[in-house]
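Text of the file query_12.txt, holding compact mmCIF, C-alpha atoms and all ligand atoms:
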# COMPACT_ATOMS: atom_id res chain seq x y z
CA MET A 1 0.00 0.00 0.00
CA GLY A 2 1.24 3.48 -0.83
CA ARG A 3 2.13 5.77 1.97
CA LEU A 4 -0.56 8.30 2.81
CA ARG A 5 1.76 10.79 4.38
CA SER A 6 1.69 14.46 4.98
CA PRO A 7 2.00 16.96 3.52
CA PHE A 8 -1.40 15.65 2.56
CA LEU A 9 -3.36 18.83 2.58
CA PHE A 10 -7.10 18.44 2.66
CA SER A 11 -8.80 21.61 1.52
CA VAL A 12 -12.01 20.97 3.45
CA THR A 13 -11.70 18.75 6.50
CA LEU A 14 -15.03 17.27 7.33
CA ILE A 15 -16.27 17.22 10.86
CA GLY A 16 -19.04 14.71 11.50
CA LYS A 17 -20.48 11.88 13.55
CA ASP A 18 -20.11 9.05 11.04
CA ILE A 19 -18.19 6.24 12.77
CA HIS A 20 -18.36 4.05 9.64
CA LYS A 21 -16.68 6.73 7.60
CA ALA A 22 -14.00 7.10 10.30
CA ALA A 23 -13.51 3.31 10.44
CA ASN A 24 -13.20 3.15 6.67
CA LEU A 25 -10.55 5.88 6.56
CA LEU A 26 -8.60 4.27 9.41
CA GLN A 27 -8.70 0.88 7.67
CA LYS A 28 -7.20 2.54 4.59
CA GLY A 29 -4.33 3.98 6.63
CA PHE A 30 -5.56 7.56 7.00
CA VAL A 31 -5.32 9.61 10.17
CA VAL A 32 -8.59 10.69 11.80
CA GLY A 33 -9.41 13.02 14.72
CA ILE A 34 -11.32 11.16 17.44
CA PRO A 35 -13.10 12.30 20.60
CA THR A 36 -12.18 10.85 23.98
CA GLU A 37 -13.39 11.78 27.44
CA THR A 38 -9.94 13.28 28.22
CA VAL A 39 -8.91 15.18 25.07
CA TYR A 40 -9.25 14.63 21.31
CA GLY A 41 -6.80 12.20 19.71
CA LEU A 42 -5.07 12.02 16.33
CA ALA A 43 -5.69 8.37 15.53
CA ALA A 44 -4.21 5.82 13.14
CA ASN A 45 -3.99 2.04 12.86
CA ALA A 46 -1.25 1.22 15.39
CA LEU A 47 -0.26 -1.91 13.45
CA ASN A 48 0.28 0.00 10.18
CA GLU A 49 3.69 1.67 10.35
CA ASP A 50 3.00 4.00 7.44
CA ALA A 51 -0.13 5.26 9.14
CA VAL A 52 1.79 5.73 12.40
CA VAL A 53 4.51 7.70 10.58
CA SER A 54 1.78 10.03 9.31
CA VAL A 55 0.68 10.73 12.88
CA PHE A 56 4.20 11.81 13.86
CA GLU A 57 4.50 13.95 10.75
CA ILE A 58 1.14 15.67 11.05
CA LYS A 59 1.76 16.45 14.72
CA LYS A 60 5.39 17.44 14.01
CA ARG A 61 6.25 15.16 16.87
CA PRO A 62 9.77 13.80 17.26
CA PHE A 63 10.00 10.05 16.66
CA PHE A 64 11.49 9.55 20.12
CA ASP A 65 8.17 10.48 21.76
CA PRO A 66 6.02 7.29 21.88
CA LEU A 67 2.27 7.00 21.25
CA ILE A 68 -0.52 5.57 23.41
CA ILE A 69 -2.56 2.73 21.92
CA HIS A 70 -6.32 2.74 22.42
CA VAL A 71 -8.35 -0.47 22.61
CA GLY A 72 -11.97 -1.34 23.34
CA SER A 73 -11.53 -3.77 26.23
CA TRP A 74 -9.02 -5.32 28.62
CA GLU A 75 -9.24 -8.65 26.71
CA GLU A 76 -8.19 -6.78 23.61
CA ALA A 77 -5.34 -5.07 25.48
CA LEU A 78 -4.01 -8.51 26.43
CA ARG A 79 -3.42 -9.25 22.74
CA TYR A 80 -0.69 -6.60 22.75
CA VAL A 81 0.88 -6.76 26.24
CA LYS A 82 2.42 -9.45 28.45
CA ASN A 83 3.64 -10.08 32.02
CA VAL A 84 1.16 -7.58 33.45
CA PRO A 85 1.98 -6.86 37.13
CA PRO A 86 -1.06 -7.85 39.29
CA VAL A 87 -1.50 -4.35 40.73
CA LEU A 88 -1.71 -2.84 37.23
CA GLU A 89 -4.19 -5.50 36.13
CA GLN A 90 -6.26 -4.70 39.22
CA LEU A 91 -6.23 -0.99 38.32
CA ALA A 92 -7.15 -1.82 34.73
CA LEU A 93 -10.16 -3.80 35.86
CA GLN A 94 -11.24 -1.07 38.29
CA CYS A 95 -10.54 2.11 36.31
CA MET A 96 -10.85 1.21 32.65
CA PRO A 97 -12.55 2.45 30.56
CA GLY A 98 -11.51 5.83 31.93
CA PRO A 99 -8.82 8.53 32.08
CA LEU A 100 -5.99 6.11 32.90
CA THR A 101 -3.07 4.87 30.77
CA LEU A 102 -0.95 1.87 31.78
CA LEU A 103 2.67 1.34 30.78
CA LEU A 104 3.03 -2.40 30.10
CA GLU A 105 5.51 -4.77 28.51
CA LYS A 106 4.65 -4.97 24.82
CA LYS A 107 4.28 -8.04 22.63
CA ALA A 108 6.13 -8.19 19.31
CA ASN A 109 2.97 -7.31 17.35
CA ILE A 110 3.23 -3.64 18.44
CA PRO A 111 5.67 -1.86 16.09
CA ASP A 112 8.75 -0.34 17.76
CA LEU A 113 7.84 2.88 15.99
CA VAL A 114 4.77 3.21 18.24
CA THR A 115 6.82 2.90 21.44
CA SER A 116 9.90 4.74 20.09
CA GLY A 117 11.91 1.59 20.68
CA SER A 118 10.79 1.08 24.29
CA GLU A 119 9.90 -2.42 25.52
CA LYS A 120 6.84 -0.85 27.11
CA VAL A 121 3.70 0.33 25.42
CA ALA A 122 1.19 2.80 26.84
CA VAL A 123 -2.36 1.37 26.74
CA ARG A 124 -5.65 3.10 27.31
CA ILE A 125 -9.34 2.15 27.06
CA PRO A 126 -11.28 5.36 26.42
CA SER A 127 -14.81 5.63 27.81
CA HIS A 128 -16.23 7.97 25.17
CA PRO A 129 -19.22 6.11 23.64
CA MET A 130 -18.55 7.23 20.07
CA THR A 131 -14.94 6.10 20.17
CA ARG A 132 -15.94 2.85 21.84
CA SER A 133 -18.34 2.18 18.96
CA LEU A 134 -15.59 3.07 16.50
CA LEU A 135 -13.13 0.67 18.20
CA SER A 136 -15.71 -2.12 18.05
CA LEU A 137 -15.68 -1.80 14.23
CA LEU A 138 -11.89 -2.18 14.04
CA ASP A 139 -9.64 -5.20 14.39
CA PHE A 140 -6.58 -3.14 15.32
CA PRO A 141 -5.69 -0.73 18.14
CA LEU A 142 -5.56 3.00 17.50
CA ALA A 143 -2.30 4.80 18.14
CA ALA A 144 -3.35 8.30 19.14
CA PRO A 145 -1.53 11.21 20.70
CA SER A 146 -3.49 14.31 21.60
CA ALA A 147 -4.58 16.04 18.37
CA ASN A 148 -2.46 19.20 18.70
CA PRO A 149 0.84 20.27 17.17
CA PHE A 150 3.73 19.09 19.38
CA GLY A 151 4.13 21.23 22.50
CA TYR A 152 0.84 23.11 22.11
CA ILE A 153 -2.38 22.82 24.20
CA SER A 154 -4.45 19.64 23.77
CA PRO A 155 -7.82 19.97 21.99
CA THR A 156 -11.06 19.36 23.88
CA THR A 157 -13.47 19.98 20.98
CA ALA A 158 -13.61 18.95 17.31
CA LYS A 159 -13.27 22.65 16.45
CA HIS A 160 -9.94 22.88 18.31
CA VAL A 161 -8.69 19.96 16.18
CA GLU A 162 -9.94 21.58 13.00
CA ASP A 163 -8.29 24.91 13.88
CA GLN A 164 -4.94 23.29 14.65
CA LEU A 165 -4.68 20.40 12.18
CA GLY A 166 -7.74 20.65 9.96
CA ARG A 167 -5.88 20.90 6.68
CA GLU A 168 -3.84 17.79 7.36
CA ILE A 169 -6.52 15.19 8.00
CA PRO A 170 -9.56 14.02 6.04
CA TYR A 171 -12.03 13.63 8.91
CA ILE A 172 -12.71 14.58 12.52
CA LEU A 173 -15.24 12.60 14.48
CA ASP A 174 -17.24 15.05 16.58
CA GLY A 175 -18.18 13.68 19.99
CA GLY A 176 -18.83 17.04 21.66
CA PRO A 177 -16.63 18.69 24.29
CA SER A 178 -14.36 16.28 26.23
CA GLU A 179 -15.94 15.55 29.58
CA VAL A 180 -12.76 15.24 31.65
CA GLY A 181 -10.78 17.86 29.74
CA LEU A 182 -7.35 16.76 31.04
CA GLU A 183 -5.13 14.06 29.53
CA SER A 184 -5.12 10.60 31.10
CA THR A 185 -3.02 9.78 34.15
CA ILE A 186 -0.09 7.59 33.08
CA ILE A 187 1.00 4.91 35.49
CA GLY A 188 3.48 2.03 35.45
CA MET A 189 6.03 0.22 37.59
CA GLU A 190 9.49 1.55 38.31
CA ASN A 191 11.84 -0.33 40.64
CA ASP A 192 8.84 -2.43 41.72
CA GLU A 193 7.05 0.71 42.78
CA LEU A 194 3.75 1.93 41.39
CA THR A 195 4.72 5.19 39.68
CA ILE A 196 2.76 8.00 38.07
CA PHE A 197 4.52 9.36 34.99
CA ARG A 198 1.93 11.99 34.13
CA LYS A 199 -0.67 13.46 36.45
CA GLY A 200 -4.01 13.56 34.69
CA GLY A 201 -7.76 13.02 34.78
CA LEU A 202 -7.66 10.22 37.37
CA GLU A 203 -6.57 11.51 40.78
CA VAL A 204 -3.36 10.22 42.39
CA GLU A 205 -5.28 9.70 45.65
CA THR A 206 -7.89 7.51 43.92
CA ILE A 207 -5.19 5.35 42.38
CA GLY A 208 -3.43 4.95 45.73
CA ARG A 209 -6.68 3.98 47.44
CA LEU A 210 -7.70 1.45 44.78
CA ALA A 211 -4.24 -0.08 44.56
CA GLY A 212 -3.91 -0.18 48.35
CA GLN A 213 -0.30 0.92 48.16
CA LYS A 214 1.99 3.91 48.03
CA VAL A 215 2.22 5.67 44.68
CA ALA A 216 5.38 7.48 43.60
CA VAL A 217 4.96 10.56 41.41
CA LYS A 218 7.63 11.34 38.83
CA GLU A 219 8.28 15.03 38.39
CA HIS A 220 9.10 16.43 34.96
CA SER A 221 12.52 17.66 34.01
CA ASN A 222 14.11 19.21 30.96
CA SER A 223 17.50 17.60 31.44
CA GLN A 224 16.31 14.03 31.68
CA PRO A 225 12.82 13.77 30.25
CA LEU A 226 11.45 10.25 30.53
CA ALA A 227 9.04 11.12 27.81
CA PRO A 228 8.59 14.43 26.03
CA GLY A 229 5.16 14.79 27.64
CA MET A 230 7.28 15.19 30.75
CA LEU A 231 9.28 18.10 29.38
CA THR A 232 9.01 21.12 31.62
CA SER A 233 7.72 23.26 28.78
CA HIS A 234 4.75 21.55 27.15
CA TYR A 235 1.01 22.07 26.73
CA ALA A 236 1.78 25.74 26.09
CA PRO A 237 -0.37 28.55 24.63
CA LYS A 238 1.18 30.89 22.02
CA ILE A 239 0.77 33.99 24.20
CA PRO A 240 3.15 34.31 27.19
CA PHE A 241 1.56 32.56 30.13
CA VAL A 242 2.33 33.17 33.79
CA CYS A 243 0.91 31.01 36.55
CA LEU A 244 0.87 32.92 39.83
CA GLU A 245 2.07 30.65 42.63
CA PHE A 246 0.67 32.39 45.65
CA ALA A 247 -2.59 34.14 46.39
CA ASN A 248 -0.78 37.38 47.33
CA ASP A 249 1.04 37.44 43.95
CA TRP A 250 -2.25 38.81 42.63
CA GLU A 251 -1.75 41.94 44.70
CA SER A 252 1.31 42.93 42.67
CA ILE A 253 -0.20 42.59 39.19
CA LYS A 254 -2.02 45.18 37.11
CA ALA A 255 -5.50 45.28 35.66
CA SER A 256 -5.14 45.83 31.91
CA ASP A 257 -7.12 45.25 28.74
CA ARG A 258 -3.93 43.73 27.21
CA ILE A 259 -3.88 40.95 29.80
CA ALA A 260 -6.13 37.87 30.13
CA TYR A 261 -6.98 36.37 33.51
CA LEU A 262 -7.55 32.64 33.86
CA ARG A 263 -9.24 32.44 37.23
CA PHE A 264 -10.96 29.74 39.20
CA THR A 265 -13.85 31.55 40.76
CA GLY A 266 -13.84 35.36 40.74
CA TYR A 267 -12.94 38.25 38.42
CA PHE A 268 -9.72 40.22 38.88
CA PRO A 269 -10.69 43.65 40.24
CA GLY A 270 -10.63 46.41 37.64
CA ALA A 271 -9.88 44.18 34.62
CA PRO A 272 -12.40 43.94 31.76
CA GLN A 273 -14.84 41.05 32.09
CA LYS A 274 -14.17 39.95 28.47
CA ASN A 275 -10.53 39.29 29.32
CA HIS A 276 -11.50 36.66 31.87
CA LYS A 277 -12.02 32.96 31.70
CA ILE A 278 -13.63 31.77 34.93
CA LEU A 279 -13.14 28.03 35.28
CA SER A 280 -15.86 27.17 37.78
CA VAL A 281 -18.08 29.68 39.49
CA SER A 282 -18.89 27.17 42.23
CA GLY A 283 -15.24 26.11 42.67
CA ASP A 284 -15.89 22.53 41.51
CA LEU A 285 -12.58 20.78 40.68
CA HIS A 286 -14.05 18.53 37.99
CA GLU A 287 -15.56 21.54 36.25
CA GLU A 288 -12.24 23.37 36.55
CA ALA A 289 -10.38 20.39 35.07
CA ARG A 290 -12.89 20.24 32.23
CA ASN A 291 -12.38 23.94 31.50
CA ILE A 292 -8.65 24.48 32.02
CA VAL A 293 -7.50 23.32 28.59
CA SER A 294 -10.40 24.91 26.71
CA GLY A 295 -9.87 28.04 28.86
CA MET A 296 -6.28 28.24 27.65
CA HIS A 297 -7.53 27.97 24.07
CA THR A 298 -10.07 30.74 24.66
CA VAL A 299 -7.64 33.27 26.10
CA ASP A 300 -4.98 32.30 23.55
CA GLU A 301 -7.35 33.57 20.83
CA LEU A 302 -7.74 37.03 22.42
CA ASP A 303 -5.87 40.11 21.18
CA ILE A 304 -3.71 40.44 24.29
CA ASP A 305 -0.03 40.27 25.29
CA LEU A 306 -0.01 38.19 28.45
CA ILE A 307 -2.04 35.58 30.35
CA TYR A 308 -2.11 35.38 34.13
CA ALA A 309 -3.44 32.17 35.65
CA GLU A 310 -4.33 31.18 39.17
CA LYS A 311 -2.94 28.11 40.95
CA LEU A 312 -5.12 25.63 42.83
CA PRO A 313 -4.50 23.83 46.12
CA GLU A 314 -2.15 20.84 45.49
CA THR A 315 -4.65 18.05 45.98
CA GLY A 316 -6.86 15.80 43.82
CA LEU A 317 -7.30 17.09 40.28
CA GLY A 318 -5.62 20.32 41.45
CA LEU A 319 -2.31 18.45 41.11
CA ALA A 320 -2.85 17.74 37.41
CA ILE A 321 -4.31 21.19 36.68
CA ASN A 322 -1.36 22.95 38.35
CA ASP A 323 1.04 20.67 36.50
CA ARG A 324 -0.39 21.80 33.13
CA MET A 325 -0.19 25.44 34.18
CA LYS A 326 3.39 25.18 35.40
CA ARG A 327 4.41 23.69 32.07
CA ALA A 328 2.44 26.26 30.12
CA SER A 329 4.37 28.91 32.12
CA ALA A 330 7.76 27.33 31.53
CA LYS A 331 8.14 28.78 28.02
CA SER A 332 7.44 32.34 29.13
O1 LIG B 1 -5.71 11.32 27.50
C1 LIG B 1 -4.79 10.94 26.78
O2 LIG B 1 -3.89 10.21 27.19
C2 LIG B 1 -4.78 11.42 25.32
C3 LIG B 1 -5.98 10.78 24.59
C4 LIG B 1 -6.01 11.13 23.13
O3 LIG B 1 -5.93 9.39 24.78
N1 LIG B 1 -3.56 11.09 24.69
C5 LIG B 1 -2.40 11.74 24.96
O4 LIG B 1 -1.34 11.31 24.19
O5 LIG B 1 -2.31 12.62 25.79
P1 LIG B 1 0.00 12.13 24.04
O6 LIG B 1 0.79 11.37 23.04
O7 LIG B 1 -0.29 13.53 23.73
O8 LIG B 1 0.68 11.97 25.44
C6 LIG B 1 1.09 10.69 25.84
C7 LIG B 1 2.29 10.75 26.71
C8 LIG B 1 3.49 11.35 26.03
O9 LIG B 1 4.11 12.22 26.94
C9 LIG B 1 4.37 10.16 25.74
O10 LIG B 1 5.71 10.50 25.77
C10 LIG B 1 3.99 9.20 26.85
O11 LIG B 1 2.62 9.41 27.03
N2 LIG B 1 4.16 7.81 26.42
C11 LIG B 1 3.52 7.16 25.45
N3 LIG B 1 4.00 5.90 25.29
C12 LIG B 1 4.97 5.76 26.21
C13 LIG B 1 5.87 4.73 26.54
N4 LIG B 1 5.85 3.56 25.89
N5 LIG B 1 6.74 4.94 27.55
C14 LIG B 1 6.78 6.13 28.21
N6 LIG B 1 5.96 7.15 27.93
C15 LIG B 1 5.08 6.99 26.95
MG MG B 2 -0.12 15.48 24.04

Now that the file is in, can you turn its structure into structure tokens?
Amino acid sequence: MGRLRSPFLFSVTLIGKDIHKAANLLQKGFVVGIPTETVYGLAANALNEDAVVSVFEIKKRPFFDPLIIHVGSWEEALRYVKNVPPVLEQLALQCMPGPLTLLLEKKANIPDLVTSGSEKVAVRIPSHPMTRSLLSLLDFPLAAPSANPFGYISPTTAKHVEDQLGREIPYILDGGPSEVGLESTIIGMENDELTIFRKGGLEVETIGRLAGQKVAVKEHSNSQPLAPGMLTSHYAPKIPFVCLEFANDWESIKASDRIAYLRFTGYFPGAPQKNHKILSVSGDLHEEARNIVSGMHTVDELDIDLIYAEKLPETGLGLAINDRMKRASAKS
């Protein structure tokens, strides 16, 4: 089969709800935007290396940054992984489908390209009904990173995908706004210890409680990134972004119509209302998580010079939300 690689510019990308059309394109080796409950993915047949190459190219992602595979069920996952540690199997059975990704030893049927040469593959079972129906039509797993150009904010609507990558792909499956709004939590074993490699939509505390053991959390670093998703600067808006660490930092900043304010509950005194994105009026963490990524998109579209964002208490989903904001700040 010929390689369907980018630059493969599609003049009109179609957004729609036709899972058969999506399945057909994927079977032919094309790349399709898919909804998940966390963020939208840029999906291709994980067993077709040419299709996987297209994903890297469209996303401008370095080949050393591996992709997550998406499957419909745990039975299906077991076709591609082996020697699953009991605690990870237990978490799989309790938390999947859901915003969790497991790092597991891969079988030979998963191309090295997908895992960037690693012996481990990242596996996820999304809970989004449309993508579950799509997966049930396919006899291969979908390799899918978040559907944004490398380093930029993840998309949580079909429109975000269209705006960022629309000309490069033939179809985007529209499943509405992502319910969780934060990428999956990535977990695996390191030195026999349950370890979180990326904080995400499933809380660290929940994982610890379900697993009944201590969970180590890997912090990101620029000098020794375990995976590029762990680079300090990642998930970044185009406009300079500053996350204010402490509540009293707000006392030293100015109100200006050239600044946007990403706030959790209230407006910043004196600043125009239109320059605000309030993440949850009632202070609900799930609502804030759902809105943080789309909030970054919203303020990134404004005609302004700077974004100030507010930090949350370091607990529950607050950990993952703060993590995204710290990394969005790192570039500025
Ligand atoms: O919620 C999600 O996980 C979304 C949706 C689309 O499923 N996907 C997502 O994929 O966020 P991506 O590629 O944007 O981020 C996955 C992260 C990357 O930082 C990658 O380096 C890491 O997972 N990763 C993937 N496979 C890995 C592996 N075999 N070993 C270590 N890290 C891995
Ligand atoms: Mg990503």

### Task
Within 8 Å of (-3.3, 34.0, 36.8) (coordinates as in the file), grab all the protein and nucleic acid residues, counting only C-alpha atoms, and write them out as an MDAnalysis selection string.
chainID A and resid 242:244 250 261:263 307:311

### Task
Tell me which protein, DNA and RNA residues are within 8 Å of segment 87-91 of chain A, counting all atoms listed in the file, leaving out same-chain ones fewer than 5 positions away, and put them as a ChimeraX atom specification.
/A:96,102,188,207,210-211

Next, dump the selected residues to file, keeping only C-alpha atoms, as a CSV table (one decimal), keeping the file's coordinate frame.
chain,number,residue,atom,x,y,z
A,96,MET,CA,-10.8,1.2,32.6
A,102,LEU,CA,-1.0,1.9,31.8
A,188,GLY,CA,3.5,2.0,35.4
A,207,ILE,CA,-5.2,5.4,42.4
A,210,LEU,CA,-7.7,1.4,44.8
A,211,ALA,CA,-4.2,-0.1,44.6

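Take the candidates A:Lys106, A:Arg198, A:Lys238, A:Arg124 and check each one against ligand MG 2 (chain B) using all atoms listed in the file; the shortest distance goes to A:Arg198.
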
### Task
Return as a PyMOL selection string the residues of protein, DNA or RNA that approach ligand LIG 1 (chain B) to within 6 Å, with all atoms listed in the file taken into account.
chain A and resi 38-41+65-68+115+118+120-122+144-146+183-184+227-230

### Message
So that I can check the surroundings of Ala255 of chain A, please list as a ChimeraX atom specification every protein, DNA and RNA residue that reaches within 12 Å of it, counting all atoms listed in the file and ignoring chain neighbours fewer than 3 positions away.
### Response
/A:250-252,258-261,267-273,275-276,306-308

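Atom CA of Leu279 of chain A is found 14.9 Å from atom CA of Ser178 of chain A.
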
### Query
For the atom pair atom CA of Lys199 of chain A and atom CA of Ile292 of chain A, what is the interatomic distance in Å to one decimal place?
14.3 Å

### Message
Rounded to one decimal, what separation in Å do you get between atom CA of Glu179 of chain A and atom CA of Pro126 of chain A?
### Response
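Distance between the two atoms: 11.6 Å.
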
### Task
May I ask which of the residues A:Lys60, A:Pro170, A:Ala108, A:Asp305 is the closest one to ligand MG 2 (chain B), counting all atoms listed in the file?
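Smallest separation from ligand MG 2 (chain B) among the options: A:Lys60.
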
### Task
Find the residues near Pro97 of chain A: any atom within 10 Å, counting all atoms listed in the file, skip ones fewer than 4 places away on the same chain, and give them as a ChimeraX atom specification.
/A:37,71-74,92-93,101,124-128,132

#### Entry: Counting only C-alpha atoms and all ligand atoms, the residue of A:Leu113, A:Tyr152, A:Gly181, A:Glu76 that sits nearest ligand MG 2 (chain B)
A:Tyr152

### Message
From the options A:Leu42, A:Ala330, A:Ala289, A:Leu319, which residue's atoms come nearest to ligand MG 2 (chain B), counting all atoms listed in the file?
### Response
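Closest to ligand MG 2 (chain B), using all atoms listed in the file: A:Leu42.
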
### Distance query Thr298 of chain A at most 8 Å, all atoms listed in the file, self and fewer than 4 positions along chain excluded, as a ChimeraX atom specification
/A:277,294,302

### Query
Taking into account only C-alpha atoms, which residue in the set A:Val81, A:Ala44, A:Cys95, A:Ala216 is nearest to Lys28 of chain A?
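Using only C-alpha atoms, Lys28 of chain A sits closest to A:Ala44.
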
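Distances to ligand MG 2 (chain B) were evaluated for A:Val299, A:Val53, A:Val32, A:Leu182 using all atoms listed in the file, and the minimum falls at A:Leu182.
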
### Query
What's the 6 Å shell around Tyr235 of chain A, counting all atoms listed in the file, without same-chain residues fewer than 3 positions away, as a ChimeraX atom specification?
/A:151-153,328

Provide segment 62-70 of chain A of the preceding structure as a file containing all heavy atoms, as a PDB file, in the first residue's frame.
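Result file is result32.pdb:
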ATOM      1  N   PRO A  62       8.535  14.563  17.457  1.00  0.00           N
ATOM      2  CA  PRO A  62       9.768  13.799  17.258  1.00  0.00           C
ATOM      3  C   PRO A  62       9.505  12.302  17.416  1.00  0.00           C
ATOM      4  O   PRO A  62       8.675  11.897  18.237  1.00  0.00           O
ATOM      5  CB  PRO A  62      10.693  14.309  18.364  1.00  0.00           C
ATOM      6  CG  PRO A  62       9.833  15.035  19.329  1.00  0.00           C
ATOM      7  CD  PRO A  62       8.584  15.444  18.622  1.00  0.00           C
ATOM      8  N   PHE A  63      10.236  11.495  16.637  1.00  0.00           N
ATOM      9  CA  PHE A  63       9.996  10.050  16.659  1.00  0.00           C
ATOM     10  C   PHE A  63      10.406   9.402  17.983  1.00  0.00           C
ATOM     11  O   PHE A  63      10.107   8.257  18.224  1.00  0.00           O
ATOM     12  CB  PHE A  63      10.704   9.374  15.478  1.00  0.00           C
ATOM     13  CG  PHE A  63       9.982   9.586  14.188  1.00  0.00           C
ATOM     14  CD1 PHE A  63      10.424  10.526  13.271  1.00  0.00           C
ATOM     15  CD2 PHE A  63       8.838   8.856  13.884  1.00  0.00           C
ATOM     16  CE1 PHE A  63       9.743  10.738  12.081  1.00  0.00           C
ATOM     17  CE2 PHE A  63       8.149   9.053  12.700  1.00  0.00           C
ATOM     18  CZ  PHE A  63       8.607  10.004  11.799  1.00  0.00           C
ATOM     19  N   PHE A  64      11.119  10.145  18.834  1.00  0.00           N
ATOM     20  CA  PHE A  64      11.492   9.549  20.123  1.00  0.00           C
ATOM     21  C   PHE A  64      10.394   9.695  21.176  1.00  0.00           C
ATOM     22  O   PHE A  64      10.556   9.261  22.306  1.00  0.00           O
ATOM     23  CB  PHE A  64      12.826  10.123  20.640  1.00  0.00           C
ATOM     24  CG  PHE A  64      12.838  11.620  20.835  1.00  0.00           C
ATOM     25  CD1 PHE A  64      12.203  12.194  21.927  1.00  0.00           C
ATOM     26  CD2 PHE A  64      13.484  12.452  19.924  1.00  0.00           C
ATOM     27  CE1 PHE A  64      12.219  13.575  22.109  1.00  0.00           C
ATOM     28  CE2 PHE A  64      13.508  13.823  20.110  1.00  0.00           C
ATOM     29  CZ  PHE A  64      12.869  14.387  21.203  1.00  0.00           C
ATOM     30  N   ASP A  65       9.270  10.298  20.808  1.00  0.00           N
ATOM     31  CA  ASP A  65       8.166  10.477  21.758  1.00  0.00           C
ATOM     32  C   ASP A  65       7.050   9.479  21.437  1.00  0.00           C
ATOM     33  O   ASP A  65       6.295   9.670  20.489  1.00  0.00           O
ATOM     34  CB  ASP A  65       7.647  11.917  21.654  1.00  0.00           C
ATOM     35  CG  ASP A  65       6.654  12.248  22.749  1.00  0.00           C
ATOM     36  OD1 ASP A  65       6.378  11.381  23.602  1.00  0.00           O
ATOM     37  OD2 ASP A  65       6.149  13.380  22.753  1.00  0.00           O
ATOM     38  N   PRO A  66       6.926   8.392  22.227  1.00  0.00           N
ATOM     39  CA  PRO A  66       6.022   7.293  21.885  1.00  0.00           C
ATOM     40  C   PRO A  66       4.530   7.640  21.957  1.00  0.00           C
ATOM     41  O   PRO A  66       4.139   8.621  22.596  1.00  0.00           O
ATOM     42  CB  PRO A  66       6.365   6.226  22.924  1.00  0.00           C
ATOM     43  CG  PRO A  66       6.989   6.958  24.060  1.00  0.00           C
ATOM     44  CD  PRO A  66       7.668   8.153  23.477  1.00  0.00           C
ATOM     45  N   LEU A  67       3.712   6.787  21.323  1.00  0.00           N
ATOM     46  CA  LEU A  67       2.266   7.004  21.250  1.00  0.00           C
ATOM     47  C   LEU A  67       1.504   6.017  22.139  1.00  0.00           C
ATOM     48  O   LEU A  67       1.939   4.882  22.322  1.00  0.00           O
ATOM     49  CB  LEU A  67       1.787   6.814  19.807  1.00  0.00           C
ATOM     50  CG  LEU A  67       2.516   7.619  18.730  1.00  0.00           C
ATOM     51  CD1 LEU A  67       1.913   7.299  17.357  1.00  0.00           C
ATOM     52  CD2 LEU A  67       2.436   9.109  19.011  1.00  0.00           C
ATOM     53  N   ILE A  68       0.364   6.449  22.627  1.00  0.00           N
ATOM     54  CA  ILE A  68      -0.522   5.572  23.411  1.00  0.00           C
ATOM     55  C   ILE A  68      -1.381   4.764  22.434  1.00  0.00           C
ATOM     56  O   ILE A  68      -1.847   5.305  21.436  1.00  0.00           O
ATOM     57  CB  ILE A  68      -1.443   6.429  24.314  1.00  0.00           C
ATOM     58  CG1 ILE A  68      -0.623   7.241  25.313  1.00  0.00           C
ATOM     59  CG2 ILE A  68      -2.474   5.559  25.022  1.00  0.00           C
ATOM     60  CD1 ILE A  68      -1.456   8.177  26.199  1.00  0.00           C
ATOM     61  N   ILE A  69      -1.591   3.467  22.734  1.00  0.00           N
ATOM     62  CA  ILE A  69      -2.557   2.726  21.920  1.00  0.00           C
ATOM     63  C   ILE A  69      -3.896   2.651  22.662  1.00  0.00           C
ATOM     64  O   ILE A  69      -3.948   2.542  23.893  1.00  0.00           O
ATOM     65  CB  ILE A  69      -2.075   1.312  21.506  1.00  0.00           C
ATOM     66  CG1 ILE A  69      -1.879   0.386  22.713  1.00  0.00           C
ATOM     67  CG2 ILE A  69      -0.788   1.400  20.678  1.00  0.00           C
ATOM     68  CD1 ILE A  69      -1.791  -1.086  22.314  1.00  0.00           C
ATOM     69  N   HIS A  70      -4.961   2.738  21.876  1.00  0.00           N
ATOM     70  CA  HIS A  70      -6.317   2.737  22.417  1.00  0.00           C
ATOM     71  C   HIS A  70      -7.028   1.471  21.961  1.00  0.00           C
ATOM     72  O   HIS A  70      -7.024   1.158  20.767  1.00  0.00           O
ATOM     73  CB  HIS A  70      -7.077   3.968  21.916  1.00  0.00           C
ATOM     74  CG  HIS A  70      -6.466   5.267  22.359  1.00  0.00           C
ATOM     75  ND1 HIS A  70      -5.236   5.697  21.908  1.00  0.00           N
ATOM     76  CD2 HIS A  70      -6.905   6.218  23.222  1.00  0.00           C
ATOM     77  CE1 HIS A  70      -4.950   6.869  22.483  1.00  0.00           C
ATOM     78  NE2 HIS A  70      -5.944   7.209  23.276  1.00  0.00           N
TER      79      HIS A  70
END
